[in-house]
file final.pdb (PDB, C-alpha atoms)
MODEL        1
ATOM      1  CA  MET A   1     185.020  22.918 166.185
ATOM      2  CA  VAL A   2     181.706  23.941 167.658
ATOM      3  CA  LYS A   3     180.340  23.164 171.101
ATOM      4  CA  THR A   4     176.574  22.696 171.365
ATOM      5  CA  GLY A   5     174.814  21.547 174.493
ATOM      6  CA  GLY A   6     178.081  20.413 176.072
ATOM      7  CA  ARG A   7     178.870  18.194 173.057
ATOM      8  CA  LEU A   8     181.841  18.935 170.827
ATOM      9  CA  LEU A   9     181.161  18.863 167.098
ATOM     10  CA  LEU A  10     184.124  18.642 164.752
ATOM     11  CA  THR A  11     183.539  20.702 161.605
ATOM     12  CA  ARG A  12     184.986  19.927 158.196
ATOM     13  CA  PRO A  13     187.808  22.250 157.092
ATOM     14  CA  PRO A  14     187.716  24.052 153.728
ATOM     15  CA  VAL A  15     189.036  22.273 150.624
ATOM     16  CA  VAL A  16     192.084  23.825 148.907
ATOM     17  CA  MET A  17     194.205  23.030 145.851
ATOM     18  CA  ARG A  18     196.863  21.106 147.874
ATOM     19  CA  GLY A  19     195.846  19.937 151.309
ATOM     20  CA  TYR A  20     195.534  16.975 153.630
ATOM     21  CA  ASP A  21     193.835  13.844 152.300
ATOM     22  CA  ARG A  22     190.142  14.311 153.074
ATOM     23  CA  ALA A  23     189.432  10.639 153.772
ATOM     24  CA  GLN A  24     192.319  10.445 156.267
ATOM     25  CA  VAL A  25     191.220  13.636 158.036
ATOM     26  CA  ASP A  26     187.565  12.531 158.143
ATOM     27  CA  ALA A  27     188.534   9.147 159.626
ATOM     28  CA  LEU A  28     190.761  10.812 162.233
ATOM     29  CA  LEU A  29     188.058  13.334 163.178
ATOM     30  CA  GLU A  30     185.583  10.461 163.548
ATOM     31  CA  ARG A  31     187.960   8.673 165.952
ATOM     32  CA  ILE A  32     188.556  11.915 167.876
ATOM     33  CA  GLY A  33     184.810  12.455 168.181
ATOM     34  CA  LYS A  34     184.444   8.956 169.649
ATOM     35  CA  ALA A  35     187.293   9.657 172.089
ATOM     36  CA  PHE A  36     185.500  12.803 173.277
ATOM     37  CA  ASP A  37     182.358  10.720 173.803
ATOM     38  CA  GLY A  38     184.385   8.190 175.798
ATOM     39  CA  ASP A  39     183.893   5.438 173.204
ATOM     40  CA  GLY A  40     187.480   5.112 171.943
ATOM     41  CA  GLY A  41     190.978   4.590 173.200
ATOM     42  CA  LEU A  42     192.487   7.405 171.102
ATOM     43  CA  THR A  43     195.013   9.462 173.070
ATOM     44  CA  ALA A  44     196.369  12.975 172.607
ATOM     45  CA  GLU A  45     199.769  11.522 171.701
ATOM     46  CA  GLU A  46     198.228   9.373 168.964
ATOM     47  CA  VAL A  47     196.518  12.427 167.484
ATOM     48  CA  ARG A  48     199.728  14.457 167.703
ATOM     49  CA  GLY A  49     201.751  11.665 166.089
ATOM     50  CA  THR A  50     199.396  11.202 163.147
ATOM     51  CA  ARG A  51     200.918  11.986 159.753
ATOM     52  CA  LEU A  52     198.534  12.968 156.982
ATOM     53  CA  ASP A  53     199.223  12.775 153.252
ATOM     54  CA  VAL A  54     199.142  15.968 151.171
ATOM     55  CA  VAL A  55     197.057  15.570 148.010
ATOM     56  CA  MET A  56     195.354  17.664 145.356
ATOM     57  CA  ARG A  57     191.972  19.047 146.499
ATOM     58  CA  GLY A  58     192.511  18.241 150.162
ATOM     59  CA  TYR A  59     191.576  19.985 153.392
ATOM     60  CA  ASP A  60     193.405  23.244 154.244
ATOM     61  CA  ARG A  61     196.520  22.155 156.176
ATOM     62  CA  ARG A  62     196.659  25.204 158.453
ATOM     63  CA  VAL A  63     193.030  24.800 159.511
ATOM     64  CA  VAL A  64     193.433  21.051 160.089
ATOM     65  CA  ASP A  65     196.636  21.571 162.111
ATOM     66  CA  GLU A  66     194.905  24.144 164.334
ATOM     67  CA  LEU A  67     191.879  21.886 164.753
ATOM     68  CA  LEU A  68     194.040  18.900 165.693
ATOM     69  CA  MET A  69     196.079  20.932 168.199
ATOM     70  CA  GLU A  70     192.843  22.025 169.891
ATOM     71  CA  CYS A  71     191.754  18.379 170.003
ATOM     72  CA  VAL A  72     195.113  17.422 171.548
ATOM     73  CA  ARG A  73     194.672  20.112 174.224
ATOM     74  CA  ARG A  74     191.151  18.894 175.035
ATOM     75  CA  LEU A  75     192.170  15.234 175.111
ATOM     76  CA  ARG A  76     195.082  16.015 177.437
ATOM     77  CA  ALA A  77     192.840  18.083 179.689
ATOM     78  CA  SER A  78     190.364  15.212 179.986
ATOM     79  CA  GLY A  79     193.020  12.510 180.491
ATOM     80  CA  PRO A  80     194.560  11.386 183.768
ATOM     81  CA  ARG A  81     197.591  13.269 185.042
ATOM     82  CA  THR A  82     200.265  11.296 186.831
ATOM     83  CA  ARG A  83     203.437  12.560 188.437
ATOM     84  CA  ARG A  84     206.046  10.536 190.275
ATOM     85  CA  ALA A  85     206.822  11.749 193.757
ATOM     86  CA  GLY A  86     210.386  12.542 194.737
ATOM     87  CA  ARG A  87     211.660  13.573 191.310
ATOM     88  CA  PRO A  88     214.549  16.030 191.494
ATOM     89  CA  ARG A  89     213.989  19.577 190.263
ATOM     90  CA  ALA A  90     215.703  20.591 187.025
ATOM     91  CA  ASN A  91     218.279  23.374 187.255
ATOM     92  CA  PRO A  92     217.554  26.122 184.653
ATOM     93  CA  GLU A  93     221.249  26.605 183.820
ATOM     94  CA  TRP A  94     221.666  22.897 183.212
ATOM     95  CA  LEU A  95     218.533  22.908 181.010
ATOM     96  CA  ILE A  96     219.886  25.824 178.959
ATOM     97  CA  GLY A  97     223.180  24.018 178.370
ATOM     98  CA  TRP A  98     221.368  20.796 177.485
ATOM     99  CA  ILE A  99     219.079  22.546 174.991
ATOM    100  CA  GLN A 100     221.935  24.470 173.368
ATOM    101  CA  SER A 101     224.033  21.330 172.979
ATOM    102  CA  ALA A 102     221.213  19.327 171.349
ATOM    103  CA  ARG A 103     222.027  18.084 167.850
ATOM    104  CA  PHE A 104     219.523  16.432 165.549
ATOM    105  CA  GLY A 105     220.123  14.224 162.546
ATOM    106  CA  ARG A 106     219.140  15.518 159.130
ATOM    107  CA  ALA A 107     216.051  14.117 157.423
ATOM    108  CA  GLY A 108     217.886  13.497 154.159
ATOM    109  CA  LEU A 109     215.391  12.548 151.459
ATOM    110  CA  ARG A 110     212.576  12.021 153.947
ATOM    111  CA  THR A 111     210.182  14.682 155.188
ATOM    112  CA  GLY A 112     211.477  16.454 158.296
ATOM    113  CA  TYR A 113     210.892  19.471 160.508
ATOM    114  CA  ASP A 114     212.059  22.838 159.171
ATOM    115  CA  VAL A 115     215.428  23.618 160.814
ATOM    116  CA  ARG A 116     214.571  27.303 161.272
ATOM    117  CA  ASP A 117     211.286  26.531 163.052
ATOM    118  CA  VAL A 118     212.859  24.064 165.481
ATOM    119  CA  ASP A 119     215.849  26.310 166.227
ATOM    120  CA  ALA A 120     213.604  29.368 166.746
ATOM    121  CA  PHE A 121     211.379  27.434 169.155
ATOM    122  CA  LEU A 122     214.347  26.169 171.183
ATOM    123  CA  ASP A 123     215.751  29.726 171.284
ATOM    124  CA  ARG A 124     212.392  30.856 172.693
ATOM    125  CA  VAL A 125     212.564  28.149 175.380
ATOM    126  CA  VAL A 126     216.086  29.257 176.345
ATOM    127  CA  ALA A 127     215.011  32.920 176.466
ATOM    128  CA  GLY A 128     212.147  31.931 178.773
ATOM    129  CA  LEU A 129     214.537  30.050 181.070
ATOM    130  CA  ARG A 130     216.894  33.026 181.199
ATOM    131  CA  GLY A 131     214.085  35.423 182.081
ATOM    132  CA  PRO A 132     213.771  38.139 179.404
ATOM    133  CA  ALA A 133     210.940  36.313 177.641
ATOM    134  CA  ALA A 134     207.819  34.629 178.929
ATOM    135  CA  PRO A 135     208.572  31.132 180.206
ATOM    136  CA  VAL A 136     207.592  28.216 178.004
ATOM    137  CA  ALA A 137     205.496  25.590 179.772
ATOM    138  CA  ALA A 138     205.713  21.838 179.285
ATOM    139  CA  SER A 139     202.294  21.917 177.618
ATOM    140  CA  ASP A 140     203.620  24.486 175.103
ATOM    141  CA  VAL A 141     206.466  22.124 174.233
ATOM    142  CA  ARG A 142     204.096  19.191 173.770
ATOM    143  CA  GLU A 143     201.718  21.237 171.614
ATOM    144  CA  CYS A 144     204.278  22.929 169.365
ATOM    145  CA  ALA A 145     204.055  22.188 165.661
ATOM    146  CA  PHE A 146     206.651  22.734 162.971
ATOM    147  CA  ARG A 147     206.432  23.057 159.225
ATOM    148  CA  THR A 148     207.596  19.974 157.385
ATOM    149  CA  VAL A 149     210.113  20.097 154.558
ATOM    150  CA  ARG A 150     210.729  17.385 151.985
ATOM    151  CA  PHE A 151     213.810  18.820 150.279
ATOM    152  CA  GLY A 152     216.016  21.265 152.128
ATOM    153  CA  ALA A 153     217.215  21.909 155.648
ATOM    154  CA  ALA A 154     215.165  19.557 157.826
ATOM    155  CA  TYR A 155     215.678  17.693 161.092
ATOM    156  CA  ASP A 156     214.659  14.070 161.625
ATOM    157  CA  GLU A 157     211.119  14.223 163.061
ATOM    158  CA  GLY A 158     211.564  11.270 165.424
ATOM    159  CA  GLU A 159     214.695  12.701 167.037
ATOM    160  CA  VAL A 160     213.088  16.118 167.526
ATOM    161  CA  ASP A 161     209.882  14.594 168.945
ATOM    162  CA  ARG A 162     211.844  12.470 171.452
ATOM    163  CA  PHE A 163     213.936  15.468 172.526
ATOM    164  CA  LEU A 164     210.834  17.643 172.954
ATOM    165  CA  GLU A 165     209.140  15.016 175.108
ATOM    166  CA  GLN A 166     212.248  14.848 177.342
ATOM    167  CA  LEU A 167     212.287  18.659 177.455
ATOM    168  CA  ALA A 168     208.616  18.773 178.478
ATOM    169  CA  VAL A 169     209.296  16.334 181.327
ATOM    170  CA  ALA A 170     212.296  18.422 182.449
ATOM    171  CA  LEU A 171     210.206  21.612 182.375
ATOM    172  CA  GLU A 172     207.546  19.943 184.530
ATOM    173  CA  ARG A 173     210.232  19.366 187.170
ATOM    174  CA  ARG A 174     211.254  23.037 187.264
TER     175      ARG A 174
ENDMDL
END
call {"tool": "encode", "arguments": {"input": "final.pdb", "output": "structure tokens"}}
result
Amino acid sequence: MVKTGGRLLLTRPPVVMRGYDRAQVDALLERIGKAFDGDGGLTAEEVRGTRLDVVMRGYDRRVVDELLMECVRRLRASGPRTRRAGRPRANPEWLIGWIQSARFGRAGLRTGYDVRDVDAFLDRVVAGLRGPAAPVAASDVRECAFRTVRFGAAYDEGEVDRFLEQLAVALERR
């Protein structure tokens, strides 16, 4: 991504042996560019929820993931922020217990989030709530990304995403 004269230009990532489908990425980047110009209704959540196919001779996945996360941050920063008045504050001890008791379904034969990545992230959130580590903000929870696994130890993506959105809301109330 390059910024010239106040306008954001989305650059094309490098092509690798196995990467994201180039046509899908190009179409998504085109829609994101329109959203930055105010011409489209694309939201940060739509960008974050987009699933891209992995193909031979596709765009480098790491570069695309980083690019999309930056786009999500910029879209969220430009979007309206709403907060309901009178919401109760979340107790850190209750949050720790809630996080530690969370259980996610397994992905089975479908693609899912790597168990180790999700567990390590939630451990980091708990450490931040307890104090020895830097606190994790709601925006960090919304912007986190996990490796996906097709065969092996993987959590159901939908369950994890719903839990993380609830966690982000709870952290906003802290």
call {"tool": "resolve_selection", "arguments": {"input": "final.pdb", "expression": "the PyMOL selection byres ((chain A and resi 22) around 12)", "output": "JSON, numbers by chain"}}
result
{"A": [12, 13, 14, 15, 16, 18, 19, 20, 21, 23, 24, 25, 26, 27, 28, 29, 52, 53, 54, 55, 56, 57, 58, 59, 60, 61, 64]}
call {"tool": "closest_residue", "arguments": {"input": "final.pdb", "among": "A:Glu157, A:Ala127, A:Glu93, A:Pro132", "to": "Asp114 in chain A", "atoms": "all atoms listed in the file"}}
result
A:Glu157
call {"tool": "resolve_selection", "arguments": {"input": "final.pdb", "expression": "the PyMOL selection byres ((chain A and resi 119-123) around 12)", "output": "JSON, numbers by chain"}}
result
{"A": [95, 96, 97, 98, 99, 100, 101, 102, 103, 104, 113, 114, 115, 116, 117, 118, 124, 125, 126, 127, 128, 129, 130, 132, 133, 135, 136, 140, 141, 142, 143, 144, 145, 146, 147, 153, 154, 155, 160, 163, 164, 167, 168]}
call {"tool": "resolve_selection", "arguments": {"input": "final.pdb", "expression": "the PyMOL selection byres ((chain A and resi 36-50) around 8)", "output": "MDAnalysis selection string"}}
result
chainID A and resid 8 28 31:35 51:52 68:69 71:73 75:76
call {"tool": "atom_distance", "arguments": {"input": "final.pdb", "atom1": "CA of Leu171 in chain A", "atom2": "CA of Ala77 in chain A"}}
result
17.9 Å
call {"tool": "atom_distance", "arguments": {"input": "final.pdb", "atom1": "CA of Arg173 in chain A", "atom2": "CA of Arg74 in chain A"}}
result
22.6 Å
call {"tool": "closest_residue", "arguments": {"input": "final.pdb", "among": "A:Glu159, A:Glu172, A:Asp65, A:Glu165", "to": "Gly112 in chain A", "atoms": "only C-alpha atoms"}}
result
A:Glu159
call {"tool": "closest_residue", "arguments": {"input": "final.pdb", "among": "A:Val63, A:Thr148, A:Ser139, A:Pro92", "to": "Val169 in chain A", "atoms": "all atoms listed in the file"}}
result
A:Ser139
call {"tool": "atom_distance", "arguments": {"input": "final.pdb", "atom1": "CA of Arg62 in chain A", "atom2": "CA of Val149 in chain A"}}
result
14.9 Å
